[in-house]
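K.L.:
What follows is the file protein24.cif, containing mmCIF, C-alpha atoms and all ligand atoms:
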data_coords
#
loop_
_atom_site.label_atom_id
_atom_site.label_comp_id
_atom_site.auth_asym_id
_atom_site.auth_seq_id
_atom_site.Cartn_x
_atom_site.Cartn_y
_atom_site.Cartn_z
CA MET A 1 0.00 0.00 0.00
CA ALA A 2 1.52 3.33 -1.02
CA LEU A 3 1.28 6.04 1.58
CA GLY A 4 2.41 9.16 -0.20
CA PHE A 5 1.18 12.67 0.41
CA ASP A 6 -1.30 12.50 -2.40
CA THR A 7 -4.50 13.76 -0.80
CA SER A 8 -6.81 12.11 -3.33
CA ARG A 9 -5.30 8.74 -2.48
CA ARG A 10 -5.79 9.42 1.20
CA ALA A 11 -9.44 10.26 0.55
CA LEU A 12 -9.82 7.01 -1.38
CA LEU A 13 -8.29 5.09 1.49
CA TYR A 14 -10.71 6.63 3.92
CA SER A 15 -13.76 5.91 1.79
CA THR A 16 -12.83 2.25 1.18
CA THR A 17 -12.09 1.90 4.80
CA SER A 18 -15.23 3.34 6.23
CA ALA A 19 -17.38 1.08 4.06
CA THR A 20 -15.71 -2.11 5.23
CA ARG A 21 -13.81 -1.42 8.38
CA ASN A 22 -15.75 -3.81 10.58
CA ASP A 23 -15.68 -6.57 7.98
CA ASN A 24 -12.04 -7.57 7.54
CA TRP A 25 -8.59 -7.11 9.00
CA ASP A 26 -7.18 -5.57 5.84
CA ALA A 27 -9.61 -2.75 6.07
CA ILE A 28 -8.93 -2.30 9.76
CA LEU A 29 -5.22 -2.22 9.02
CA CYS A 30 -5.81 0.39 6.31
CA TYR A 31 -7.79 2.45 8.76
CA THR A 32 -5.16 2.18 11.47
CA VAL A 33 -2.23 2.88 9.20
CA ASP A 34 -3.86 5.86 7.63
CA MET A 35 -4.55 7.42 11.00
CA THR A 36 -0.92 7.25 12.09
CA TYR A 37 1.88 9.67 11.40
CA GLN A 38 3.42 9.24 7.95
CA GLY A 39 6.42 11.54 7.85
CA VAL A 40 7.10 15.16 7.00
CA LEU A 41 6.12 14.97 3.32
CA SER A 42 2.76 13.56 4.23
CA ARG A 43 2.11 16.21 6.89
CA TYR A 44 3.61 19.27 5.23
CA GLY A 45 4.20 18.31 1.57
CA HIS A 46 1.53 20.77 0.40
CA LEU A 47 3.67 23.61 1.82
CA LEU A 48 6.92 22.51 0.21
CA ASP A 49 8.22 23.55 -3.18
CA LEU A 50 8.87 20.10 -4.61
CA PRO A 51 8.38 18.83 -8.17
CA PRO A 52 5.23 16.69 -8.68
CA HIS A 53 7.28 13.54 -9.34
CA THR A 54 8.46 13.68 -5.69
CA SER A 55 5.10 12.65 -4.28
CA ALA A 56 4.80 9.75 -6.69
CA SER A 57 7.70 7.99 -5.03
CA ALA A 58 7.79 9.27 -1.45
CA VAL A 59 10.58 7.59 0.47
CA THR A 60 10.03 7.97 4.18
CA LEU A 61 11.21 6.51 7.46
CA LEU A 62 8.55 8.53 9.31
CA GLU A 63 11.06 11.27 10.11
CA GLY A 64 10.04 14.47 11.89
CA ASP A 65 7.36 14.97 14.56
CA THR A 66 10.26 15.21 17.01
CA PRO A 67 9.71 16.22 20.63
CA LEU A 68 9.84 19.80 21.82
CA ILE A 69 10.95 19.29 25.39
CA ARG A 70 10.68 21.88 28.16
CA ALA A 71 14.05 22.21 29.87
CA ASP A 72 13.16 23.83 33.19
CA ASN A 73 16.08 22.36 35.14
CA LEU A 74 18.61 23.71 32.67
CA ALA A 75 16.85 27.07 32.42
CA ARG A 76 16.93 27.36 36.21
CA GLN A 77 20.61 26.46 36.34
CA LEU A 78 21.45 29.05 33.66
CA ASP A 79 19.45 31.60 35.63
CA GLY A 80 18.65 33.84 32.68
CA GLY A 81 14.93 34.17 33.47
CA PHE A 82 13.94 32.61 30.12
CA GLU A 83 11.67 29.75 29.15
CA LEU A 84 13.62 27.04 27.35
CA PHE A 85 12.59 24.27 24.98
CA ILE A 86 14.79 21.69 23.27
CA LYS A 87 13.79 20.65 19.74
CA TYR A 88 15.26 17.17 19.97
CA GLU A 89 16.22 16.23 16.43
CA GLY A 90 18.31 13.30 17.61
CA SER A 91 15.08 11.32 17.73
CA ASN A 92 14.82 11.23 13.95
CA PRO A 93 15.17 7.75 12.39
CA THR A 94 18.92 7.97 11.69
CA GLY A 95 19.59 10.14 14.75
CA SER A 96 19.83 13.61 13.23
CA PHE A 97 17.81 16.40 11.61
CA LYS A 98 19.18 15.43 8.20
CA ASP A 99 16.32 12.97 7.71
CA ARG A 100 13.83 15.81 7.18
CA GLY A 101 15.66 17.05 4.13
CA MET A 102 16.72 13.63 2.98
CA THR A 103 13.17 12.31 2.62
CA ALA A 104 12.57 15.19 0.19
CA ALA A 105 15.86 14.94 -1.71
CA ILE A 106 15.78 11.16 -2.09
CA SER A 107 12.08 11.11 -3.01
CA GLU A 108 12.76 13.71 -5.69
CA ALA A 109 15.77 11.79 -7.02
CA SER A 110 13.82 8.54 -6.96
CA GLY A 111 10.89 10.19 -8.76
CA ARG A 112 13.12 11.03 -11.72
CA GLU A 113 14.61 7.54 -11.57
CA ALA A 114 18.09 8.45 -10.41
CA LYS A 115 20.06 5.32 -9.61
CA THR A 116 22.87 6.78 -7.51
CA VAL A 117 23.16 9.59 -4.97
CA ILE A 118 26.27 11.19 -3.54
CA CYS A 119 27.14 13.58 -0.72
CA ALA A 120 30.09 15.03 1.15
CA SER A 121 29.60 14.77 4.87
CA THR A 122 30.96 15.24 8.35
CA GLY A 123 28.90 12.11 9.11
CA ASN A 124 25.21 12.72 9.69
CA THR A 125 24.30 13.53 6.10
CA ALA A 126 26.18 10.38 5.08
CA ALA A 127 24.18 8.15 7.41
CA SER A 128 20.89 9.74 6.42
CA ALA A 129 21.57 9.63 2.68
CA ALA A 130 22.64 5.99 2.99
CA ALA A 131 19.47 4.99 4.86
CA TYR A 132 17.01 6.73 2.53
CA ALA A 133 18.88 5.55 -0.57
CA ALA A 134 18.75 1.99 0.75
CA ARG A 135 15.00 2.28 1.22
CA ALA A 136 14.62 3.66 -2.30
CA GLY A 137 16.77 0.89 -3.80
CA MET A 138 19.43 3.37 -4.87
CA LYS A 139 23.19 3.33 -4.49
CA ALA A 140 24.70 5.87 -2.05
CA ILE A 141 28.26 7.16 -2.23
CA VAL A 142 29.50 9.24 0.69
CA LEU A 143 32.71 11.26 0.90
CA ILE A 144 34.00 11.97 4.40
CA PRO A 145 37.07 13.80 5.74
CA GLN A 146 39.62 11.18 6.74
CA GLY A 147 39.63 10.28 10.42
CA LYS A 148 37.25 13.07 11.44
CA VAL A 149 33.90 11.33 11.45
CA ALA A 150 32.37 10.12 14.73
CA ALA A 151 31.99 6.37 15.16
CA GLY A 152 28.19 6.23 15.26
CA LYS A 153 27.87 8.11 11.98
CA LEU A 154 30.43 6.09 10.07
CA ALA A 155 28.91 2.86 11.39
CA GLY A 156 25.50 4.02 10.20
CA ALA A 157 26.68 4.78 6.68
CA VAL A 158 28.35 1.36 6.48
CA ALA A 159 25.37 -0.47 7.98
CA TYR A 160 22.98 1.08 5.44
CA GLY A 161 25.24 -0.18 2.67
CA ALA A 162 26.78 3.04 1.33
CA GLN A 163 30.08 3.17 -0.49
CA VAL A 164 32.16 5.18 1.98
CA ILE A 165 35.19 7.06 0.64
CA GLN A 166 37.59 8.97 2.88
CA ILE A 167 39.15 12.13 1.47
CA ASP A 168 42.61 13.13 2.57
CA GLY A 169 41.29 16.65 3.07
CA SER A 170 38.47 18.58 4.71
CA PHE A 171 34.68 18.50 4.36
CA ASP A 172 35.02 21.56 2.13
CA ASP A 173 37.35 19.64 -0.23
CA ALA A 174 34.89 16.74 -0.30
CA LEU A 175 31.98 19.06 -1.11
CA SER A 176 33.87 20.61 -4.06
CA MET A 177 34.52 17.11 -5.35
CA VAL A 178 30.89 15.98 -5.22
CA VAL A 179 29.80 19.17 -6.98
CA GLU A 180 32.33 18.50 -9.75
CA ILE A 181 31.44 14.86 -10.19
CA THR A 182 27.68 15.49 -10.27
CA ASP A 183 28.23 18.17 -12.93
CA LYS A 184 29.91 15.54 -15.06
CA HIS A 185 27.98 12.33 -14.34
CA PRO A 186 24.31 11.41 -13.80
CA ILE A 187 24.59 11.13 -10.02
CA ALA A 188 22.17 13.01 -7.76
CA LEU A 189 23.72 15.38 -5.23
CA VAL A 190 21.99 15.30 -1.83
CA ASN A 191 23.97 17.85 0.17
CA SER A 192 22.03 20.87 1.40
CA ILE A 193 22.94 22.83 -1.72
CA ASN A 194 20.18 20.65 -3.17
CA PRO A 195 17.10 22.92 -2.71
CA TYR A 196 14.82 20.01 -1.81
CA ARG A 197 16.89 19.35 1.32
CA ILE A 198 16.06 22.88 2.47
CA GLU A 199 12.38 22.38 1.65
CA GLY A 200 12.24 19.25 3.83
CA GLN A 201 14.14 20.86 6.67
CA LYS A 202 11.68 23.78 6.82
CA THR A 203 9.24 21.34 8.45
CA ALA A 204 11.05 21.65 11.79
CA ALA A 205 10.08 25.32 11.96
CA PHE A 206 6.47 24.41 11.09
CA GLU A 207 6.39 21.82 13.89
CA ILE A 208 7.69 24.30 16.47
CA CYS A 209 5.01 26.83 15.52
CA ASP A 210 2.32 24.16 15.54
CA VAL A 211 3.24 23.03 19.05
CA LEU A 212 3.81 26.48 20.59
CA GLU A 213 1.05 28.07 18.48
CA SER A 214 3.56 30.78 17.55
CA ALA A 215 7.24 31.19 16.78
CA PRO A 216 9.53 31.48 19.83
CA ASP A 217 11.30 34.76 20.62
CA TRP A 218 14.67 33.20 19.89
CA LEU A 219 15.77 30.12 18.00
CA CYS A 220 19.36 29.04 18.57
CA LEU A 221 21.11 26.34 16.58
CA PRO A 222 24.57 25.15 15.51
CA VAL A 223 25.84 26.25 12.10
CA GLY A 224 28.15 24.23 9.88
CA ASN A 225 27.44 24.27 6.15
CA ALA A 226 24.52 26.61 6.97
CA GLY A 227 21.72 24.61 5.35
CA ASN A 228 19.70 24.22 8.53
CA ILE A 229 19.71 27.88 9.57
CA THR A 230 18.63 28.73 6.01
CA ALA A 231 15.80 26.21 6.19
CA TYR A 232 14.54 27.33 9.61
CA TRP A 233 14.43 30.97 8.59
CA ALA A 234 12.61 30.14 5.35
CA GLY A 235 10.17 27.93 7.29
CA PHE A 236 9.39 30.53 9.94
CA LYS A 237 8.86 33.22 7.29
CA GLN A 238 6.55 31.00 5.27
CA TYR A 239 4.46 30.00 8.30
CA ASN A 240 4.23 33.59 9.43
CA GLN A 241 2.82 34.58 6.03
CA LEU A 242 0.34 31.73 6.10
CA LYS A 243 -0.67 31.66 9.75
CA SER A 244 0.68 34.85 11.35
CA THR A 245 2.83 32.86 13.76
CA GLY A 246 5.42 35.63 14.12
CA LEU A 247 9.17 35.46 13.59
CA PRO A 248 11.95 34.46 15.96
CA GLN A 249 15.33 36.09 16.22
CA ILE A 250 17.86 33.57 14.94
CA LEU A 251 21.05 32.87 16.83
CA GLY A 252 23.49 30.73 14.84
CA VAL A 253 26.43 29.25 16.71
CA GLN A 254 29.73 28.09 15.25
CA ALA A 255 32.65 26.44 17.01
CA ALA A 256 35.48 28.90 17.67
CA GLY A 257 37.98 26.84 15.64
CA ALA A 258 35.57 26.65 12.69
CA ALA A 259 33.86 30.02 12.64
CA PRO A 260 34.18 31.49 9.13
CA LEU A 261 30.91 33.40 9.44
CA VAL A 262 32.06 35.10 12.62
CA LEU A 263 35.54 35.87 11.30
CA GLY A 264 34.24 37.00 7.93
CA HIS A 265 36.47 34.76 5.83
CA ALA A 266 36.91 31.09 4.90
CA ILE A 267 39.14 28.93 7.07
CA GLN A 268 41.62 26.53 5.51
CA SER A 269 41.99 24.07 8.38
CA PRO A 270 38.98 24.23 10.69
CA GLU A 271 39.35 22.37 13.99
CA THR A 272 36.80 21.56 16.66
CA VAL A 273 35.74 18.71 18.89
CA ALA A 274 32.28 19.21 17.35
CA THR A 275 33.25 17.37 14.16
CA ALA A 276 29.77 17.75 12.66
CA ILE A 277 30.36 21.49 12.21
CA ARG A 278 34.07 21.32 11.36
CA ILE A 279 33.53 23.36 8.20
CA GLY A 280 35.64 26.27 6.93
CA LYS A 281 33.63 27.42 3.92
CA PRO A 282 29.87 27.05 4.41
CA ALA A 283 28.03 26.57 1.12
CA ARG A 284 25.05 28.61 2.37
CA GLY A 285 27.09 31.10 4.39
CA GLU A 286 25.51 34.13 2.72
CA GLN A 287 22.03 32.88 3.55
CA ALA A 288 23.02 32.24 7.17
CA LEU A 289 24.23 35.82 7.52
CA GLN A 290 21.05 37.02 5.89
CA ALA A 291 18.88 34.97 8.29
CA ALA A 292 20.71 36.43 11.28
CA ASP A 293 20.50 39.93 9.85
CA GLU A 294 16.84 39.86 8.76
CA SER A 295 15.73 38.31 12.04
CA LYS A 296 17.77 40.77 14.12
CA GLY A 297 19.72 37.82 15.43
CA ARG A 298 23.41 37.02 15.33
CA ILE A 299 26.04 34.45 14.45
CA ILE A 300 28.50 33.85 17.27
CA ALA A 301 31.22 31.37 18.20
CA VAL A 302 31.72 29.31 21.36
CA THR A 303 34.79 27.37 22.45
CA ASP A 304 35.11 23.58 22.49
CA GLU A 305 35.18 23.72 26.27
CA GLU A 306 31.90 25.62 26.36
CA ILE A 307 30.37 23.10 23.96
CA LEU A 308 31.43 20.08 26.02
CA ASN A 309 30.33 21.69 29.28
CA MET A 310 26.89 22.27 27.83
CA GLN A 311 26.70 18.74 26.45
CA LYS A 312 27.31 17.42 29.97
CA LEU A 313 24.92 19.87 31.64
CA LEU A 314 22.07 19.02 29.28
CA ALA A 315 22.53 15.29 29.80
CA GLU A 316 22.87 15.51 33.56
CA LEU A 317 20.08 18.02 34.20
CA GLU A 318 17.55 17.03 31.58
CA GLY A 319 18.36 13.46 30.52
CA ILE A 320 18.96 14.64 26.97
CA TRP A 321 22.23 13.40 25.49
CA VAL A 322 23.27 15.10 22.27
CA GLU A 323 26.40 15.02 20.19
CA PRO A 324 28.85 17.91 20.78
CA ALA A 325 27.79 20.05 17.79
CA SER A 326 24.21 19.88 19.00
CA ALA A 327 25.14 21.50 22.29
CA ALA A 328 26.72 24.50 20.54
CA GLY A 329 23.45 26.43 20.15
CA LEU A 330 22.70 26.02 23.83
CA ALA A 331 26.25 26.89 24.87
CA TRP A 332 25.37 30.46 23.95
CA LEU A 333 22.91 30.53 26.86
CA ALA A 334 25.64 29.66 29.36
CA LEU A 335 27.71 32.71 28.44
CA ASP A 336 27.28 35.43 31.01
CA SER A 337 24.68 37.99 30.09
CA ALA A 338 27.26 40.61 29.04
CA ALA A 339 28.90 38.17 26.63
CA ARG A 340 25.48 37.05 25.43
CA GLU A 341 24.65 40.63 24.48
CA VAL A 342 21.00 39.72 24.30
CA GLN A 343 18.19 40.46 26.71
CA SER A 344 16.85 36.98 27.36
CA LYS A 345 14.77 37.63 30.47
CA GLY A 346 11.13 36.68 29.98
CA LYS A 347 11.85 35.31 26.50
CA ARG A 348 10.79 31.98 25.06
CA ILE A 349 13.82 30.26 23.58
CA VAL A 350 13.95 27.11 21.44
CA ALA A 351 17.34 25.43 21.10
CA VAL A 352 17.69 22.98 18.24
CA CYS A 353 19.65 19.90 19.29
CA THR A 354 20.52 18.46 15.94
CA GLY A 355 21.95 14.99 16.60
CA HIS A 356 21.84 12.17 19.15
CA GLY A 357 24.62 11.61 21.68
CA LEU A 358 24.98 8.01 20.51
CA LYS A 359 26.47 9.35 17.29
CA ASP A 360 29.69 10.19 19.07
CA PRO A 361 30.13 7.93 22.12
CA ASP A 362 33.92 8.19 22.09
CA ILE A 363 33.83 11.78 23.24
CA ILE A 364 32.31 10.56 26.51
CA THR A 365 34.07 7.23 26.98
CA ARG A 366 37.61 8.25 26.11
CA ASP A 367 38.14 10.27 29.33
CA MET A 368 35.74 8.36 31.51
CA PRO A 369 36.97 6.48 34.59
CA LYS A 370 36.38 2.74 34.18
CA PRO A 371 33.26 1.67 36.11
CA GLN A 372 34.14 -0.06 39.37
CA VAL A 373 34.16 -3.86 39.42
CA VAL A 374 32.78 -5.66 42.48
CA PRO A 375 32.42 -9.35 43.25
CA PRO A 376 28.83 -10.63 42.90
CA LYS A 377 28.14 -10.34 46.65
CA LEU A 378 25.58 -8.09 48.36
CA ALA A 379 28.10 -6.99 50.99
CA ALA A 380 30.49 -5.74 48.32
CA LEU A 381 27.70 -3.80 46.63
CA GLU A 382 26.59 -2.30 49.95
CA GLU A 383 30.11 -1.22 50.68
CA ILE A 384 30.36 0.64 47.41
CA ILE A 385 26.90 2.23 47.52
CA LEU A 386 26.52 2.91 51.23
CA GLY A 387 30.19 3.09 52.19
CA ASN A 388 29.84 0.71 55.16
N1 LIG A 401 24.52 19.64 13.88
C1 LIG A 401 24.83 18.43 13.40
C2 LIG A 401 24.70 17.26 14.33
C3 LIG A 401 25.25 18.27 12.08
O1 LIG A 401 25.55 17.06 11.63
C4 LIG A 401 25.38 19.41 11.26
C5 LIG A 401 25.84 19.29 9.88
C6 LIG A 401 25.03 20.65 11.79
C7 LIG A 401 24.62 20.73 13.11
C8 LIG A 401 25.10 21.89 11.00
O2 LIG A 401 24.09 21.95 10.05
O3 LIG A 401 25.47 22.15 8.00
O4 LIG A 401 23.05 22.67 7.98
O5 LIG A 401 24.65 24.16 9.16
N2 LIG A 401 26.28 18.25 9.37
C9 LIG A 401 26.62 18.08 7.96
C10 LIG A 401 26.91 16.63 7.66
C11 LIG A 401 27.62 19.01 7.46
O6 LIG A 401 27.63 16.34 6.71
O7 LIG A 401 26.36 15.76 8.34
P1 LIG A 401 24.31 22.79 8.71
#
I'd like the structure from this file rewritten - as structure tokens, please.

P.N.:
Amino acid sequence: MALGFDTSRRALLYSTTSATRNDNWDAILCYTVDMTYQGVLSRYGHLLDLPPHTSASAVTLLEGDTPLIRADNLARQLDGGFELFIKYEGSNPTGSFKDRGMTAAISEASGREAKTVICASTGNTAASAAAYAARAGMKAIVLIPQGKVAAGKLAGAVAYGAQVIQIDGSFDDALSMVVEITDKHPIALVNSINPYRIEGQKTAAFEICDVLESAPDWLCLPVGNAGNITAYWAGFKQYNQLKSTGLPQILGVQAAGAAPLVLGHAIQSPETVATAIRIGKPARGEQALQAADESKGRIIAVTDEEILNMQKLLAELEGIWVEPASAAGLAWLALDSAAREVQSKGKRIVAVCTGHGLKDPDIITRDMPKPQVVPPKLAALEEIILGN
């Protein structure tokens, strides 16, 4: 049974179903399936600028519909007098926000019968492209910077059956190469320079407005290649036009060792513990600056130490474990109010946490003390727990 975002098909499903739903299991199944969530294209496809052939071959893993979690403990600890929500994108099917754009890009490529897709990636795009390509029966090729991709991301790309190629260079080198090769050969490019990726990623802004019934005052998020900040701003603007949901100020955060948009020039050898955003020449840099400017927001940088401190704080105070890059947006809120240069008191802030902590377990385990070993005796356990 195809479950695209074709509304006439949905209507047909409903009518068949209501006539027979008490008579057989098939009909009951139809009814049940049609009532459940079917992914971002199904929910928001009518608001996305996608070619008609995209809906004919929708490839979905039921991405999106991610939780918007109140973070009162963290807000209290940061003591800025603001209301804080985490948009937890790590709960997407492959563990990052990339799935929102990938369902659109892969469905579009599949609809025009592309056989192979390619991307450059710091890891999450690779895993997402590989998963959606697998589901569509397409080949995925992913180019990653040698030795700089977190274990959970590389493992994902391999598990989903992609051809993984390491480049002895940076993400920026890899991106130039995929642009060149797709200009020359019939291979579909699924990086966020592909406009359909941006269309899909706009859905996160729609979801936030739907849940809060308006845009927040501030939206903060990490910035790497700058596709996501571009998509959020486009999404908020579109929803505001349609539903008068208002506009947030956008705060984009880069890592200090990879902050071309803050420094105002490209960086040859970006370095940061947040490998997802280890990017020196963002493809959508101009649009990121425009989003910050138009929204009366800013693009700032935080240090690796600030990122890792925030990663730990979020996990320990809220039970939300994110990969380092995902903590960058929030790290802004831990700066003292002078450094923050923003009046946050009384404001509603949404922080986008872009990827799951499981993507990069090494960052936690490499410095961790080995858990204690005790003999399997109650007395030994009591001694350790109660100290008697
Ligand atoms: N957070 C995570 C976890 C990411 O993986 C990325 C980008 C970003 C933030 C930044 O998003 O590039 O749209 O500004 N990861 C890309 C990748 C580059 O290849 O997975 P952006």

K.L.:
Go through the chains and note each residue within 9 Å of ligand LIG 401 (chain A), using only C-alpha atoms and all ligand atoms, then give the set as number ranges by chain.

P.N.:
A: 89-90, 95-98, 119-128, 144, 153, 171, 191-192, 198, 221-231, 252, 254, 274-279, 282-285, 288, 322-328, 352-356, 359

K.L.:
Show which residues sit within 7 Å of Arg348 of chain A, as a ChimeraX atom specification. Count only C-alpha atoms, and ignore same-chain residues fewer than 5 positions away.

P.N.:
/A:82-84,216-218

K.L.:
Which is closest to Cys220 of chain A among A:Ala259, A:Ala133, A:Val350, A:Ile385, if we use all atoms listed in the file?

P.N.:
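Of the candidates, the smallest distance to Cys220 of chain A is held by A:Val350.
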
K.L.:
Atom CA of Arg197 of chain A and atom CA of Asp293 of chain A, how far apart in Å?

P.N.:
22.6 Å

K.L.:
Quick one, how far is atom CA of Gly329 of chain A from atom CA of Glu316 of chain A?

P.N.:
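Pair atom CA of Gly329 of chain A / atom CA of Glu316 of chain A returns 17.3 Å.
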